[in-house]
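Text of the file data.pdb, holding PDB, C-alpha atoms:
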```pdb
ATOM      1  CA  MET B  27       0.000   0.000   0.000
ATOM      2  CA  PRO B  28       1.275   3.493  -0.757
ATOM      3  CA  GLN B  29       2.245   5.463   2.294
ATOM      4  CA  PHE B  30       3.864   8.748   3.148
ATOM      5  CA  GLU B  31       5.303   9.947   6.427
ATOM      6  CA  THR B  32       7.062  13.160   7.371
ATOM      7  CA  VAL B  33       7.948  15.335  10.332
ATOM      8  CA  ARG B  34       7.954  19.047   9.642
ATOM      9  CA  ASN B  35       9.383  21.604  12.035
ATOM     10  CA  THR B  36       7.330  24.800  12.064
ATOM     11  CA  ARG B  37       7.721  28.097  13.824
ATOM     12  CA  HIS B  38       4.135  28.004  15.032
ATOM     13  CA  THR B  39       2.918  26.618  18.344
ATOM     14  CA  VAL B  40       1.406  23.195  18.931
ATOM     15  CA  ASP B  41      -1.983  24.805  19.652
ATOM     16  CA  GLU B  42      -1.875  26.888  16.469
ATOM     17  CA  MET B  43      -0.972  23.962  14.236
ATOM     18  CA  PHE B  44      -3.488  21.620  15.880
ATOM     19  CA  ALA B  45      -6.266  24.210  15.395
ATOM     20  CA  LEU B  46      -5.261  24.738  11.778
ATOM     21  CA  VAL B  47      -5.345  21.034  10.858
ATOM     22  CA  ALA B  48      -8.531  20.484  12.917
ATOM     23  CA  ASP B  49     -10.338  23.172  10.882
ATOM     24  CA  ILE B  50     -11.192  20.720   8.127
ATOM     25  CA  GLU B  51     -13.991  22.893   6.717
ATOM     26  CA  SER B  52     -11.304  25.316   5.471
ATOM     27  CA  TYR B  53      -9.337  22.707   3.499
ATOM     28  CA  PRO B  54     -10.832  23.623   0.098
ATOM     29  CA  GLU B  55      -9.375  27.125   0.517
ATOM     30  CA  PHE B  56      -5.746  25.968   0.510
ATOM     31  CA  LEU B  57      -5.215  22.215   0.300
ATOM     32  CA  PRO B  58      -4.002  20.768  -3.035
ATOM     33  CA  LEU B  59      -6.647  18.688  -4.866
ATOM     34  CA  CYS B  60      -9.349  19.383  -2.236
ATOM     35  CA  GLU B  61     -12.315  20.829  -4.099
ATOM     36  CA  ALA B  62     -15.007  20.481  -1.434
ATOM     37  CA  LEU B  63     -15.453  19.297   2.129
ATOM     38  CA  THR B  64     -18.722  18.818   3.987
ATOM     39  CA  VAL B  65     -19.025  17.851   7.649
ATOM     40  CA  ARG B  66     -21.985  15.469   7.959
ATOM     41  CA  SER B  67     -21.889  15.119  11.738
ATOM     42  CA  ARG B  68     -20.035  16.424  14.785
ATOM     43  CA  ARG B  69     -20.088  14.911  18.295
ATOM     44  CA  GLU B  70     -18.182  16.036  21.364
ATOM     45  CA  ARG B  71     -17.432  13.708  24.239
ATOM     46  CA  ASP B  72     -14.832  13.764  27.000
ATOM     47  CA  GLY B  73     -12.965  16.673  25.411
ATOM     48  CA  ARG B  74     -12.703  14.925  22.036
ATOM     49  CA  VAL B  75     -14.531  15.766  18.833
ATOM     50  CA  MET B  76     -15.672  13.139  16.331
ATOM     51  CA  LEU B  77     -16.490  14.343  12.824
ATOM     52  CA  VAL B  78     -17.790  12.504   9.803
ATOM     53  CA  ALA B  79     -16.860  14.355   6.637
ATOM     54  CA  ASP B  80     -17.068  13.999   2.869
ATOM     55  CA  MET B  81     -14.113  15.291   0.864
ATOM     56  CA  THR B  82     -14.115  15.739  -2.895
ATOM     57  CA  VAL B  83     -10.720  15.643  -4.548
ATOM     58  CA  GLY B  84     -10.054  16.295  -8.180
ATOM     59  CA  TYR B  85      -7.374  16.450 -10.780
ATOM     60  CA  LYS B  86      -8.151  17.507 -14.346
ATOM     61  CA  ALA B  87     -11.301  15.575 -15.347
ATOM     62  CA  ILE B  88     -11.194  13.092 -12.451
ATOM     63  CA  ARG B  89     -13.329  13.741  -9.334
ATOM     64  CA  GLU B  90     -13.772  11.406  -6.393
ATOM     65  CA  THR B  91     -15.610  11.870  -3.094
ATOM     66  CA  PHE B  92     -14.851   9.841  -0.015
ATOM     67  CA  SER B  93     -16.031   9.817   3.582
ATOM     68  CA  THR B  94     -13.870   9.736   6.677
ATOM     69  CA  GLN B  95     -14.243   9.732  10.422
ATOM     70  CA  VAL B  96     -12.016  12.380  12.000
ATOM     71  CA  LEU B  97     -11.178  12.159  15.704
ATOM     72  CA  LEU B  98      -9.780  15.369  17.174
ATOM     73  CA  LYS B  99      -7.879  14.817  20.427
ATOM     74  CA  PRO B 100      -6.997  18.291  21.720
ATOM     75  CA  ASP B 101      -5.520  17.068  25.016
ATOM     76  CA  GLU B 102      -3.179  14.699  23.173
ATOM     77  CA  LYS B 103      -2.569  17.158  20.337
ATOM     78  CA  SER B 104      -3.325  14.497  17.758
ATOM     79  CA  ILE B 105      -5.826  13.798  14.989
ATOM     80  CA  GLU B 106      -6.815  10.374  13.643
ATOM     81  CA  VAL B 107      -8.573   9.907  10.318
ATOM     82  CA  LYS B 108     -10.271   6.636   9.376
ATOM     83  CA  TYR B 109     -11.776   5.794   6.025
ATOM     84  CA  LEU B 110     -15.516   5.064   5.803
ATOM     85  CA  GLU B 111     -16.523   4.883   2.133
ATOM     86  CA  GLY B 112     -15.500   5.872  -1.364
ATOM     87  CA  PRO B 113     -12.881   4.859  -3.933
ATOM     88  CA  PHE B 114     -10.360   3.410  -1.485
ATOM     89  CA  LYS B 115      -9.913  -0.101  -0.225
ATOM     90  CA  TYR B 116      -8.137   1.373   2.786
ATOM     91  CA  LEU B 117      -7.049   4.767   4.081
ATOM     92  CA  THR B 118      -5.654   5.864   7.432
ATOM     93  CA  ASN B 119      -4.122   9.182   8.336
ATOM     94  CA  THR B 120      -2.657  10.540  11.572
ATOM     95  CA  TRP B 121      -1.359  13.895  12.712
ATOM     96  CA  ALA B 122       0.601  14.568  15.902
ATOM     97  CA  PHE B 123       1.951  17.873  17.174
ATOM     98  CA  THR B 124       4.883  18.063  19.590
ATOM     99  CA  PRO B 125       6.704  21.074  21.045
ATOM    100  CA  ALA B 126      10.106  21.663  19.459
ATOM    101  CA  THR B 127      11.072  25.167  20.568
ATOM    102  CA  PRO B 128       9.353  27.742  22.801
ATOM    103  CA  SER B 129       7.550  29.158  19.775
ATOM    104  CA  GLY B 130       7.538  26.184  17.416
ATOM    105  CA  CYS B 131       6.494  22.579  17.018
ATOM    106  CA  ASP B 132       7.045  19.438  14.999
ATOM    107  CA  VAL B 133       4.125  18.325  12.848
ATOM    108  CA  HIS B 134       4.045  14.555  12.333
ATOM    109  CA  PHE B 135       2.014  13.476   9.291
ATOM    110  CA  TYR B 136       1.340   9.878   8.230
ATOM    111  CA  ILE B 137      -0.971   8.508   5.548
ATOM    112  CA  GLU B 138      -1.433   5.044   4.089
ATOM    113  CA  TYR B 139      -3.972   4.132   1.435
ATOM    114  CA  GLU B 140      -4.923   1.811  -1.393
ATOM    115  CA  PHE B 141      -7.468   2.369  -4.150
ATOM    116  CA  LYS B 142     -10.157  -0.275  -4.742
ATOM    117  CA  SER B 143      -9.653  -0.068  -8.496
ATOM    118  CA  ARG B 144      -6.270  -0.689 -10.093
ATOM    119  CA  VAL B 145      -7.263   1.603 -12.944
ATOM    120  CA  LEU B 146      -8.097   4.463 -10.565
ATOM    121  CA  GLY B 147      -4.913   3.730  -8.641
ATOM    122  CA  ALA B 148      -2.913   4.010 -11.859
ATOM    123  CA  LEU B 149      -4.679   7.242 -12.859
ATOM    124  CA  MET B 150      -4.599   8.977  -9.478
ATOM    125  CA  GLY B 151      -1.843   7.228  -7.536
ATOM    126  CA  ALA B 152       1.112   9.336  -8.676
ATOM    127  CA  MET B 153      -0.947  12.516  -8.347
ATOM    128  CA  PHE B 154      -1.995  11.571  -4.772
ATOM    129  CA  ASP B 155       1.637  10.871  -3.865
ATOM    130  CA  ARG B 156       2.670  14.336  -5.090
ATOM    131  CA  ALA B 157      -0.269  15.963  -3.297
ATOM    132  CA  PHE B 158       0.528  14.316   0.039
ATOM    133  CA  ARG B 159       4.104  15.544  -0.224
ATOM    134  CA  MET B 160       2.723  19.076  -0.708
ATOM    135  CA  PHE B 161       0.297  18.859   2.244
ATOM    136  CA  THR B 162       2.750  19.890   4.940
ATOM    137  CA  ASP B 163       3.881  22.852   2.810
ATOM    138  CA  ALA B 164       0.253  23.878   2.303
ATOM    139  CA  PHE B 165      -0.467  23.761   6.030
ATOM    140  CA  GLU B 166       2.659  25.728   6.881
ATOM    141  CA  LYS B 167       1.795  28.410   4.295
ATOM    142  CA  ARG B 168      -1.732  28.552   5.708
ATOM    143  CA  ALA B 169      -0.335  28.953   9.242
ATOM    144  CA  ASN B 170       1.853  31.836   8.049
ATOM    145  CA  ALA B 171      -1.165  33.493   6.421
ATOM    146  CA  ILE B 172      -3.371  33.122   9.524
ATOM    147  CA  TYR B 173      -0.910  33.543  12.390
ATOM    148  CA  GLY B 174       1.738  35.638  10.639
ATOM    149  CA  ALA B 175       5.039  34.579   9.158
ATOM    150  CA  PRO B 176       7.641  33.879  11.856
ATOM    151  CA  ALA B 177      10.474  36.364  12.170
TER     152      ALA B 177
END
```
Could you render the structure as structure tokens?
Amino acid sequence: MPQFETVRNTRHTVDEMFALVADIESYPEFLPLCEALTVRSRRERDGRVMLVADMTVGYKAIRETFSTQVLLKPDEKSIEVKYLEGPFKYLTNTWAFTPATPSGCDVHFYIEYEFKSRVLGALMGAMFDRAFRMFTDAFEKRANAIYGAPA
């Protein structure tokens, strides 16, 4: 299964970066390939937030929508994403945020997936790989736009 993992040091705080990634409704504004995102449900329990969301991704003439369950864990400064339905056989994604400096943090990003269809995997696989490698850049640029570029 294709997977991608990275740790990115940012000059923004753990709380800022967690809030930025947790704001999934804003993804279409800045995230590569994300054309639309709709939150179908939101539940809060014991300080955690569980979302069910539909994301539409596209590249040229290809559009696919898939559903995920997103678990926001503010106390642990982590986010877990589990696949529910759509064009994948499997998809899991995790984010973790750890302090690195007094004003910065490390953003840990991991994703693993497999398309149900080999044809779709061949058409979109390389494009998804490139997009995932651009995700951390997109989030850091978004953080700079919202919180200000670090000095």
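In this comparison, which uses all atoms listed in the file, the residue of B:Arg168, B:Ala87, B:Leu97, B:Ala48 approaching Arg71 in chain B most closely is B:Leu97.
Considering the residues B:Lys86, B:Pro28, B:His134, B:Leu57 and counting all atoms listed in the file, Ala152 in chain B has its shortest atom-to-atom contact with B:Pro28.
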Practice task
Choose the residue, out of B:Phe158, B:Tyr85, B:Trp121, B:Phe114, that has the smallest atom-to-atom separation from Pro100 in chain B; count only C-alpha atoms.
Solution key: B:Trp121
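Note that the spacing between CA of Cys60 in chain B and CA of Val83 in chain B amounts to 4.6 Å.
Distances here use only C-alpha atoms; by that measure, the residue among B:Ala169, B:Thr120, B:Ser143, B:Asp163 closest to Phe30 in chain B is B:Thr120.
Residues matched by the PyMOL selection byres ((chain B and resi 73) around 9) in this file: Glu70, Arg71, Asp72, Arg74, Val75, Leu98, Lys99, Pro100 and Asp101 of chain B.
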For a cut-off of 10 Å around (-7.5, 12.2, 12.5), file coordinates, pick out all residues using all atoms listed in the file and list them as a PDB file with C-alpha atoms, in the frame of the given file.
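As a result, out05.pdb now contains:
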```
ATOM      1  CA  VAL B  47      -5.345  21.034  10.858  1.00  0.00           C
ATOM      2  CA  ALA B  48      -8.531  20.484  12.917  1.00  0.00           C
ATOM      3  CA  MET B  76     -15.672  13.139  16.331  1.00  0.00           C
ATOM      4  CA  LEU B  77     -16.490  14.343  12.824  1.00  0.00           C
ATOM      5  CA  THR B  94     -13.870   9.736   6.677  1.00  0.00           C
ATOM      6  CA  GLN B  95     -14.243   9.732  10.422  1.00  0.00           C
ATOM      7  CA  VAL B  96     -12.016  12.380  12.000  1.00  0.00           C
ATOM      8  CA  LEU B  97     -11.178  12.159  15.704  1.00  0.00           C
ATOM      9  CA  LEU B  98      -9.780  15.369  17.174  1.00  0.00           C
ATOM     10  CA  LYS B  99      -7.879  14.817  20.427  1.00  0.00           C
ATOM     11  CA  SER B 104      -3.325  14.497  17.758  1.00  0.00           C
ATOM     12  CA  ILE B 105      -5.826  13.798  14.989  1.00  0.00           C
ATOM     13  CA  GLU B 106      -6.815  10.374  13.643  1.00  0.00           C
ATOM     14  CA  VAL B 107      -8.573   9.907  10.318  1.00  0.00           C
ATOM     15  CA  LYS B 108     -10.271   6.636   9.376  1.00  0.00           C
ATOM     16  CA  THR B 118      -5.654   5.864   7.432  1.00  0.00           C
ATOM     17  CA  ASN B 119      -4.122   9.182   8.336  1.00  0.00           C
ATOM     18  CA  THR B 120      -2.657  10.540  11.572  1.00  0.00           C
ATOM     19  CA  TRP B 121      -1.359  13.895  12.712  1.00  0.00           C
ATOM     20  CA  ALA B 122       0.601  14.568  15.902  1.00  0.00           C
TER      21      ALA B 122
END
```
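Using only C-alpha atoms, the nearest neighbour of Tyr139 in chain B within the list B:Ala126, B:Leu117, B:Met153, B:Ile50 is B:Leu117.
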Handout entry: Selection result for the PyMOL selection byres ((chain B and resi 123) around 9) on this file, as a ChimeraX atom specification
Key = /B:39-41,43-44,102-104,121-122,124-125,131-134
Practice task
Calculate how many Å separate CA of Thr162 in chain B from CA of Val145 in chain B, rounding to one decimal.
Solution key: 27.5 Å
